[in-house]
$ cat protein-v6.cif   # mmCIF, C-alpha atoms
data_start
#
loop_
_atom_site.label_atom_id
_atom_site.label_comp_id
_atom_site.auth_asym_id
_atom_site.auth_seq_id
_atom_site.Cartn_x
_atom_site.Cartn_y
_atom_site.Cartn_z
CA MET R 1 -15.22 22.69 4.20
CA ALA R 2 -15.38 19.41 2.29
CA LYS R 3 -12.55 16.95 2.79
CA THR R 4 -10.96 15.74 -0.43
CA TRP R 5 -9.58 12.22 -0.76
CA MET R 6 -7.27 11.16 -3.58
CA ILE R 7 -6.99 7.39 -4.03
CA THR R 8 -4.76 5.56 -6.49
CA GLY R 9 -5.69 2.23 -8.05
CA THR R 10 -9.47 2.54 -7.72
CA SER R 11 -10.41 0.17 -10.54
CA SER R 12 -10.59 -2.85 -8.20
CA GLY R 13 -9.81 -4.22 -4.75
CA PHE R 14 -9.30 -2.01 -1.71
CA GLY R 15 -9.15 1.09 -3.86
CA LYS R 16 -12.52 0.47 -5.47
CA GLU R 17 -14.21 -0.34 -2.17
CA LEU R 18 -12.73 2.72 -0.50
CA ALA R 19 -13.67 4.95 -3.43
CA LYS R 20 -17.30 3.84 -3.13
CA ILE R 21 -17.31 4.66 0.58
CA VAL R 22 -15.75 8.10 0.06
CA ALA R 23 -18.09 8.84 -2.86
CA GLN R 24 -21.12 8.24 -0.65
CA ALA R 25 -19.84 10.05 2.44
CA THR R 26 -21.34 13.40 3.39
CA GLY R 27 -19.10 16.43 2.86
CA THR R 28 -16.42 14.53 1.02
CA ASN R 29 -14.85 14.95 -2.42
CA LEU R 30 -13.16 12.12 -4.28
CA VAL R 31 -10.29 12.07 -6.77
CA ALA R 32 -10.21 8.52 -8.14
CA THR R 33 -7.35 7.32 -10.34
CA ALA R 34 -6.96 4.37 -12.66
CA ARG R 35 -4.98 3.40 -15.74
CA LYS R 36 -8.23 3.27 -17.75
CA LEU R 37 -10.95 5.81 -17.04
CA ALA R 38 -13.58 3.36 -18.27
CA ASP R 39 -12.77 1.23 -15.22
CA LEU R 40 -14.23 4.02 -13.07
CA ASP R 41 -17.69 4.02 -14.65
CA TYR R 42 -19.06 2.45 -11.47
CA LEU R 43 -18.61 5.82 -9.76
CA ASP R 44 -21.19 7.47 -12.02
CA ALA R 45 -23.95 6.11 -9.78
CA TYR R 46 -22.62 8.17 -6.87
CA ASP R 47 -21.54 11.33 -8.67
CA HIS R 48 -23.34 14.56 -7.81
CA GLY R 49 -20.45 16.86 -8.66
CA GLN R 50 -18.01 15.72 -5.97
CA ILE R 51 -16.00 13.19 -8.01
CA GLU R 52 -13.03 13.74 -10.31
CA LYS R 53 -11.76 10.79 -12.35
CA VAL R 54 -8.09 11.00 -13.28
CA LEU R 55 -5.96 8.90 -15.58
CA VAL R 56 -2.88 7.70 -13.70
CA ASP R 57 -0.39 4.94 -14.31
CA VAL R 58 1.79 5.24 -11.23
CA VAL R 59 4.91 4.22 -13.16
CA ASP R 60 4.55 7.43 -15.18
CA ALA R 61 5.95 10.36 -13.19
CA ASP R 62 4.57 12.92 -15.64
CA GLN R 63 1.04 11.49 -15.30
CA ILE R 64 1.37 11.68 -11.53
CA LYS R 65 2.34 15.37 -11.62
CA ALA R 66 -0.49 16.11 -14.05
CA ALA R 67 -2.96 14.22 -11.85
CA ALA R 68 -1.96 16.16 -8.75
CA LYS R 69 -2.34 19.44 -10.65
CA GLN R 70 -5.74 18.40 -12.00
CA ALA R 71 -6.98 17.38 -8.55
CA LEU R 72 -5.87 20.62 -6.92
CA GLN R 73 -7.35 22.73 -9.70
CA ARG R 74 -10.69 20.96 -9.30
CA PHE R 75 -11.02 21.02 -5.51
CA GLY R 76 -8.39 23.48 -4.30
CA ASN R 77 -7.02 21.13 -1.66
CA ILE R 78 -6.26 17.47 -1.02
CA ASP R 79 -6.70 16.31 2.57
CA VAL R 80 -6.12 12.57 2.30
CA LEU R 81 -3.86 10.69 -0.10
CA VAL R 82 -4.31 6.92 -0.24
CA ASN R 83 -1.45 5.17 -2.05
CA ASN R 84 -3.24 1.95 -2.91
CA ALA R 85 -2.04 1.01 -6.42
CA GLY R 86 0.01 -2.17 -6.35
CA ILE R 87 0.66 -5.54 -7.96
CA GLY R 88 1.71 -8.97 -6.72
CA TYR R 89 4.54 -11.30 -7.72
CA PHE R 90 5.00 -14.97 -6.90
CA SER R 91 8.36 -16.66 -7.51
CA THR R 92 11.32 -18.08 -5.69
CA ILE R 93 14.19 -15.62 -5.43
CA GLU R 94 16.45 -17.60 -7.74
CA GLU R 95 13.89 -18.02 -10.49
CA SER R 96 12.51 -14.47 -10.48
CA ASP R 97 12.43 -12.41 -13.66
CA MET R 98 14.30 -9.25 -12.72
CA ALA R 99 12.55 -7.13 -15.35
CA GLN R 100 9.22 -8.02 -13.74
CA VAL R 101 10.67 -7.44 -10.28
CA ARG R 102 11.87 -3.96 -11.25
CA HIS R 103 8.46 -3.16 -12.70
CA MET R 104 6.84 -4.24 -9.44
CA PHE R 105 9.15 -1.90 -7.52
CA GLU R 106 8.16 0.91 -9.89
CA VAL R 107 4.48 0.28 -9.09
CA ASN R 108 4.55 -0.70 -5.43
CA PHE R 109 7.27 1.62 -4.18
CA PHE R 110 8.39 4.33 -6.58
CA GLY R 111 4.84 5.03 -7.75
CA LEU R 112 3.82 5.53 -4.12
CA ALA R 113 6.84 7.75 -3.47
CA ASN R 114 6.27 9.87 -6.57
CA MET R 115 2.58 10.32 -5.80
CA THR R 116 3.42 11.40 -2.26
CA GLU R 117 6.11 13.80 -3.44
CA ALA R 118 3.66 15.41 -5.86
CA LEU R 119 1.25 16.27 -3.02
CA LEU R 120 3.66 17.06 -0.18
CA PRO R 121 3.85 20.77 -1.15
CA ASN R 122 0.04 20.91 -0.85
CA PHE R 123 0.12 19.28 2.58
CA ARG R 124 2.94 21.52 3.80
CA LYS R 125 1.10 24.62 2.64
CA GLN R 126 -2.06 23.51 4.46
CA LYS R 127 -0.09 22.42 7.52
CA SER R 128 -2.35 19.37 7.50
CA GLY R 129 -3.04 16.16 5.63
CA THR R 130 -3.05 12.41 5.93
CA ILE R 131 -1.02 10.01 3.80
CA VAL R 132 -2.27 6.41 3.85
CA ASN R 133 0.20 3.89 2.46
CA ILE R 134 -1.19 0.44 1.74
CA SER R 135 1.57 -1.95 2.71
CA SER R 136 1.11 -5.65 3.48
CA ALA R 137 1.28 -8.28 6.18
CA LEU R 138 4.33 -9.41 4.23
CA ALA R 139 6.13 -6.28 5.38
CA LEU R 140 5.85 -7.65 8.92
CA THR R 141 6.83 -11.21 8.07
CA THR R 142 7.75 -13.20 4.97
CA LEU R 143 6.73 -16.33 3.06
CA PRO R 144 8.51 -18.48 0.46
CA THR R 145 7.93 -17.31 -3.15
CA MET R 146 6.96 -13.84 -1.89
CA GLY R 147 10.48 -12.48 -1.36
CA TYR R 148 10.53 -9.68 -3.90
CA TYR R 149 6.96 -8.66 -3.17
CA SER R 150 7.87 -8.47 0.53
CA ALA R 151 10.90 -6.38 -0.41
CA THR R 152 8.68 -3.76 -2.06
CA LYS R 153 6.50 -3.58 1.04
CA TYR R 154 9.44 -3.50 3.46
CA ALA R 155 10.61 -0.51 1.40
CA VAL R 156 7.20 1.13 1.87
CA GLU R 157 7.51 0.64 5.63
CA GLY R 158 10.96 2.19 5.86
CA TYR R 159 9.94 5.07 3.62
CA SER R 160 6.75 5.70 5.62
CA ASP R 161 8.46 5.57 9.01
CA THR R 162 11.09 8.07 7.85
CA LEU R 163 8.58 10.40 6.20
CA ARG R 164 6.49 10.39 9.37
CA GLN R 165 9.45 11.71 11.36
CA GLU R 166 10.11 14.43 8.79
CA VAL R 167 6.56 15.79 8.55
CA THR R 168 5.04 15.22 11.98
CA ASP R 169 5.76 18.81 13.07
CA LEU R 170 4.05 20.08 9.90
CA GLY R 171 0.65 18.67 10.84
CA ILE R 172 0.95 15.79 8.35
CA LYS R 173 0.09 12.23 9.39
CA VAL R 174 1.45 9.05 7.81
CA PHE R 175 -0.66 5.92 8.31
CA THR R 176 0.60 2.53 7.12
CA VAL R 177 -1.86 -0.34 6.67
CA GLU R 178 -0.69 -3.98 6.57
CA PRO R 179 -3.54 -6.20 5.31
CA SER R 180 -3.49 -9.98 5.22
CA GLY R 181 -4.47 -11.76 2.02
CA ALA R 182 -7.86 -10.50 0.83
CA ARG R 183 -10.37 -11.36 -1.86
CA THR R 184 -8.99 -9.00 -4.51
CA ASN R 185 -7.26 -9.41 -7.87
CA TRP R 186 -3.90 -8.84 -6.18
CA SER R 187 -3.09 -12.56 -6.44
CA GLY R 188 -4.96 -13.04 -9.73
CA SER R 189 -4.94 -10.76 -12.76
CA SER R 190 -2.94 -8.08 -10.91
CA SER R 191 0.03 -10.37 -10.34
CA LYS R 192 2.78 -12.23 -12.17
CA LYS R 193 3.83 -15.79 -11.37
CA VAL R 194 6.85 -17.95 -12.06
CA VAL R 195 6.12 -21.60 -11.27
CA PRO R 196 9.29 -23.24 -9.91
CA THR R 197 11.07 -25.57 -12.33
CA ILE R 198 14.21 -26.18 -10.27
CA GLY R 199 13.80 -29.46 -8.44
CA ASP R 200 15.09 -28.11 -5.16
CA TYR R 201 12.12 -25.72 -5.07
CA ALA R 202 9.47 -28.25 -6.11
CA LYS R 203 7.75 -28.04 -2.72
CA PHE R 204 6.73 -24.46 -3.53
CA LYS R 205 5.22 -25.28 -6.94
CA GLU R 206 1.68 -25.89 -5.72
CA SER R 207 1.53 -22.69 -3.69
CA VAL R 208 2.43 -20.63 -6.77
CA GLU R 209 0.04 -22.53 -9.05
CA THR R 210 -2.92 -22.02 -6.71
CA THR R 211 -2.51 -18.31 -5.95
CA ASP R 212 -5.58 -17.51 -8.07
CA GLN R 213 -7.73 -19.19 -5.42
CA SER R 214 -7.02 -16.28 -3.08
CA VAL R 215 -9.26 -14.08 -5.22
CA THR R 216 -12.26 -15.98 -3.86
CA ASP R 217 -10.92 -17.95 -0.89
CA ALA R 218 -8.76 -15.45 1.03
CA PRO R 219 -10.12 -14.50 4.48
CA GLY R 220 -9.74 -10.75 4.07
CA ASP R 221 -12.86 -8.79 3.16
CA PRO R 222 -11.85 -5.83 0.96
CA ALA R 223 -15.04 -3.91 1.79
CA MET R 224 -14.41 -4.27 5.53
CA ILE R 225 -10.75 -3.30 5.16
CA ALA R 226 -11.78 -0.21 3.20
CA LYS R 227 -14.33 0.73 5.88
CA ILE R 228 -11.75 0.37 8.64
CA ILE R 229 -9.33 2.63 6.76
CA PHE R 230 -12.05 5.24 6.15
CA ASP R 231 -13.22 5.15 9.76
CA GLN R 232 -9.69 5.44 11.17
CA VAL R 233 -8.83 8.44 8.99
CA SER R 234 -12.20 10.11 9.49
CA ALA R 235 -12.00 9.82 13.28
CA GLY R 236 -9.31 12.49 13.18
CA LYS R 237 -7.66 11.59 16.48
CA ASP R 238 -5.38 8.75 17.57
CA LEU R 239 -4.63 7.67 14.01
CA PRO R 240 -2.29 4.67 14.31
CA LYS R 241 1.12 4.70 12.68
CA HIS R 242 0.71 1.04 11.69
CA LEU R 243 -2.40 -1.11 11.46
CA PRO R 244 -2.16 -4.84 10.64
CA LEU R 245 -5.55 -6.05 9.37
CA GLY R 246 -6.49 -9.72 9.49
CA GLU R 247 -5.47 -12.69 11.61
CA PHE R 248 -2.37 -13.53 9.59
CA ALA R 249 -1.13 -9.95 9.65
CA TYR R 250 -1.64 -9.73 13.39
CA GLU R 251 -0.44 -13.18 14.50
CA ALA R 252 2.38 -13.81 12.02
CA GLY R 253 3.57 -10.22 12.14
CA LEU R 254 3.67 -10.18 15.93
CA LYS R 255 5.44 -13.56 16.06
CA ASN R 256 8.11 -12.41 13.62
CA LEU R 257 8.72 -9.16 15.49
CA THR R 258 8.84 -10.97 18.84
CA ASN R 259 11.37 -13.48 17.48
CA LEU R 260 13.44 -10.61 16.09
CA GLU R 261 13.44 -8.87 19.47
CA THR R 262 14.52 -12.09 21.19
CA GLU R 263 17.35 -12.66 18.71
CA ILE R 264 18.66 -9.11 19.00
CA LYS R 265 18.57 -9.15 22.79
CA SER R 266 20.36 -12.52 22.90
CA ARG R 267 23.48 -10.87 21.48
CA HIS R 268 23.30 -7.64 23.43
CA GLU R 269 26.95 -7.54 24.51
CA LEU R 270 28.22 -8.61 21.08
CA SER R 271 26.19 -5.88 19.39
CA LEU R 272 27.47 -3.15 21.71
CA SER R 273 31.07 -4.34 21.32
CA ALA R 274 31.08 -3.05 17.72
CA ASP R 275 31.23 0.57 18.96
CA ARG R 276 34.68 2.10 19.39
CA LYS R 277 35.79 2.27 23.02
#
$ encode --input "protein-v6.cif" --output "structure tokens"
Amino acid sequence: MAKTWMITGTSSGFGKELAKIVAQATGTNLVATARKLADLDYLDAYDHGQIEKVLVDVVDADQIKAAAKQALQRFGNIDVLVNNAGIGYFSTIEESDMAQVRHMFEVNFFGLANMTEALLPNFRKQKSGTIVNISSALALTTLPTMGYYSATKYAVEGYSDTLRQEVTDLGIKVFTVEPSGARTNWSGSSSKKVVPTIGDYAKFKESVETTDQSVTDAPGDPAMIAKIIFDQVSAGKDLPKHLPLGEFAYEAGLKNLTNLETEIKSRHELSLSADRK
């Protein structure tokens, strides 16, 4: 029986690269979503009846429900959900525009949660399924001017880790991917920026102004990242719970977690003293 993948945010970046891989795989159906169906015209070259294009803006809960219904009506089952849709935001904490921050949470976190909720009944009924949540290296560590973006991805991590515990006995897997910066529009047209104007934050001005360079200069290869995700899910066994991808994700994430472990252990007795005797 063909495996059906549903991928959000397939107009560019990881989503587009992964959609192309799935579209060309043997015995695989693809449900590709985007905010504009015209952005999915590239899939026509691979379509031999196994592709369904669906209009989805992940901030629209009604569109998400309709998309899940459309996908299940077309293929009868969804085996893999990839929550890829996301946007970036660059600003110091103090100078952030909270309306833009809330919108980013709607896309990066609540959109992911709503999409997952829409398909969980399908996965529970099947007693199988894989949920792939695209997180970020910045859920393992943080950088100046990336505070609110990191917050959305830390939320994805906590959500994913909890969901995994709730559904593991139901045959459902939850796989969280933490990529480093990659050559996608995440830091370009798919992001918002607030260049610091407060003098105390002047040292961060250049890093915000030059974020567009990541679209072409970042080390991460979106095609390779997509292939790794596809290969890990397709292998079927030993799917990791977390997978940092890229040198920064691995090195900086591990350093931050090691430092956190050291700090917590250094106050072992103080921590335990908070419990009632």
$ closest_residue --input "protein-v6.cif" --among "R:Leu72, R:Val167, R:Ile64, R:Ala85" --to "Ser11 of chain R" --atoms "all atoms listed in the file"
R:Ala85
$ closest_residue --input "protein-v6.cif" --among "R:Tyr148, R:Tyr42, R:Phe14, R:Phe204" --to "Ala99 of chain R" --atoms "only C-alpha atoms"
R:Tyr148
$ closest_residue --input "protein-v6.cif" --among "R:Gly86, R:Gly129, R:Gly158, R:Gly111" --to "Ala61 of chain R" --atoms "only C-alpha atoms"
R:Gly111
$ residues_around --input "protein-v6.cif" --residues "Met104 of chain R" --least-positions-apart "4" --cutoff "9 Å" --atoms "all atoms listed in the file" --output "PyMOL selection string"
chain R and resi 86-89+99-100+108-109+148-149+152
$ atom_distance --input "protein-v6.cif" --atom1 "atom CA of Thr92 of chain R" --atom2 "atom CA of Ser180 of chain R"
20.1 Å
$ closest_residue --input "protein-v6.cif" --among "R:Ile228, R:Leu120, R:Ala38, R:Val208" --to "Leu163 of chain R" --atoms "only C-alpha atoms"
R:Leu120
$ decode --input "protein-v6.cif" --residues "segment 98-112 of chain R" --atoms "all heavy atoms" --output "short mmCIF file (atom, residue, chain, number, x, y, z; two decimals), in the first residue's frame"
data_model
loop_
_atom_site.label_atom_id
_atom_site.label_comp_id
_atom_site.auth_asym_id
_atom_site.auth_seq_id
_atom_site.Cartn_x
_atom_site.Cartn_y
_atom_site.Cartn_z
N MET R 98 5.28 43.30 18.93
CA MET R 98 4.57 42.16 19.50
C MET R 98 3.48 41.62 18.58
O MET R 98 3.15 40.43 18.64
CB MET R 98 3.98 42.54 20.86
CG MET R 98 5.04 42.82 21.92
SD MET R 98 6.32 41.53 22.01
CE MET R 98 5.38 40.14 22.59
N ALA R 99 2.94 42.45 17.70
CA ALA R 99 1.96 41.94 16.74
C ALA R 99 2.64 40.97 15.78
O ALA R 99 2.09 39.91 15.45
CB ALA R 99 1.33 43.09 15.96
N GLN R 100 3.85 41.30 15.35
CA GLN R 100 4.60 40.40 14.47
C GLN R 100 5.04 39.14 15.22
O GLN R 100 5.04 38.04 14.65
CB GLN R 100 5.81 41.13 13.89
CG GLN R 100 5.45 42.24 12.93
CD GLN R 100 6.66 42.94 12.35
OE1 GLN R 100 7.77 42.83 12.87
NE2 GLN R 100 6.44 43.66 11.26
N VAL R 101 5.40 39.30 16.48
CA VAL R 101 5.79 38.15 17.29
C VAL R 101 4.62 37.18 17.45
O VAL R 101 4.78 35.96 17.29
CB VAL R 101 6.30 38.61 18.68
CG1 VAL R 101 6.43 37.42 19.63
CG2 VAL R 101 7.63 39.33 18.55
N ARG R 102 3.44 37.72 17.74
CA ARG R 102 2.27 36.85 17.89
C ARG R 102 1.94 36.14 16.59
O ARG R 102 1.54 34.97 16.59
CB ARG R 102 1.07 37.68 18.37
CG ARG R 102 1.19 38.12 19.83
CD ARG R 102 -0.10 38.76 20.32
NE ARG R 102 -0.01 39.09 21.73
CZ ARG R 102 0.42 40.26 22.22
NH1 ARG R 102 0.79 41.21 21.38
NH2 ARG R 102 0.48 40.47 23.52
N HIS R 103 2.09 36.85 15.46
CA HIS R 103 1.85 36.20 14.17
C HIS R 103 2.83 35.06 13.95
O HIS R 103 2.45 33.99 13.45
CB HIS R 103 1.97 37.22 13.04
CG HIS R 103 1.82 36.62 11.68
ND1 HIS R 103 0.62 36.13 11.21
CD2 HIS R 103 2.73 36.40 10.69
CE1 HIS R 103 0.79 35.64 10.00
NE2 HIS R 103 2.05 35.78 9.66
N MET R 104 4.10 35.28 14.32
CA MET R 104 5.09 34.22 14.17
C MET R 104 4.72 33.01 15.03
O MET R 104 4.87 31.85 14.58
CB MET R 104 6.49 34.72 14.54
CG MET R 104 7.56 33.65 14.44
SD MET R 104 9.24 34.26 14.70
CE MET R 104 9.10 35.00 16.32
N PHE R 105 4.24 33.22 16.24
CA PHE R 105 3.79 32.11 17.06
C PHE R 105 2.62 31.38 16.41
O PHE R 105 2.54 30.14 16.46
CB PHE R 105 3.40 32.58 18.46
CG PHE R 105 4.50 32.50 19.47
CD1 PHE R 105 5.34 33.58 19.71
CD2 PHE R 105 4.73 31.33 20.17
CE1 PHE R 105 6.37 33.50 20.63
CE2 PHE R 105 5.76 31.24 21.11
CZ PHE R 105 6.58 32.33 21.33
N GLU R 106 1.73 32.12 15.77
CA GLU R 106 0.60 31.50 15.08
C GLU R 106 1.09 30.58 13.96
O GLU R 106 0.54 29.49 13.75
CB GLU R 106 -0.34 32.57 14.51
CG GLU R 106 -1.12 33.34 15.55
CD GLU R 106 -2.18 32.49 16.26
OE1 GLU R 106 -2.56 31.45 15.70
OE2 GLU R 106 -2.60 32.87 17.36
N VAL R 107 2.13 31.02 13.24
CA VAL R 107 2.67 30.21 12.15
C VAL R 107 3.52 29.07 12.67
O VAL R 107 3.28 27.89 12.37
CB VAL R 107 3.50 31.08 11.18
CG1 VAL R 107 4.14 30.21 10.10
CG2 VAL R 107 2.63 32.15 10.55
N ASN R 108 4.54 29.41 13.45
CA ASN R 108 5.56 28.43 13.84
C ASN R 108 5.09 27.41 14.86
O ASN R 108 5.56 26.27 14.86
CB ASN R 108 6.79 29.15 14.40
CG ASN R 108 7.54 29.93 13.35
OD1 ASN R 108 7.13 30.01 12.20
ND2 ASN R 108 8.65 30.53 13.74
N PHE R 109 4.19 27.83 15.74
CA PHE R 109 3.75 26.91 16.79
C PHE R 109 2.29 26.49 16.66
O PHE R 109 1.99 25.31 16.51
CB PHE R 109 3.99 27.49 18.18
CG PHE R 109 3.49 26.58 19.27
CD1 PHE R 109 4.13 25.38 19.52
CD2 PHE R 109 2.35 26.89 20.00
CE1 PHE R 109 3.65 24.50 20.50
CE2 PHE R 109 1.86 26.02 20.97
CZ PHE R 109 2.51 24.84 21.23
N PHE R 110 1.37 27.44 16.70
CA PHE R 110 -0.03 27.06 16.70
C PHE R 110 -0.47 26.43 15.37
O PHE R 110 -1.32 25.55 15.35
CB PHE R 110 -0.91 28.27 17.06
CG PHE R 110 -0.79 28.68 18.49
CD1 PHE R 110 -0.11 29.84 18.85
CD2 PHE R 110 -1.31 27.89 19.50
CE1 PHE R 110 0.02 30.20 20.17
CE2 PHE R 110 -1.19 28.24 20.83
CZ PHE R 110 -0.51 29.40 21.17
N GLY R 111 0.13 26.89 14.27
CA GLY R 111 -0.16 26.24 12.99
C GLY R 111 0.25 24.78 13.00
O GLY R 111 -0.48 23.90 12.53
N LEU R 112 1.44 24.52 13.53
CA LEU R 112 1.94 23.15 13.67
C LEU R 112 1.02 22.32 14.57
O LEU R 112 0.67 21.18 14.24
CB LEU R 112 3.36 23.21 14.22
CG LEU R 112 4.11 21.94 14.60
CD1 LEU R 112 5.61 22.14 14.43
CD2 LEU R 112 3.83 21.52 16.05
#
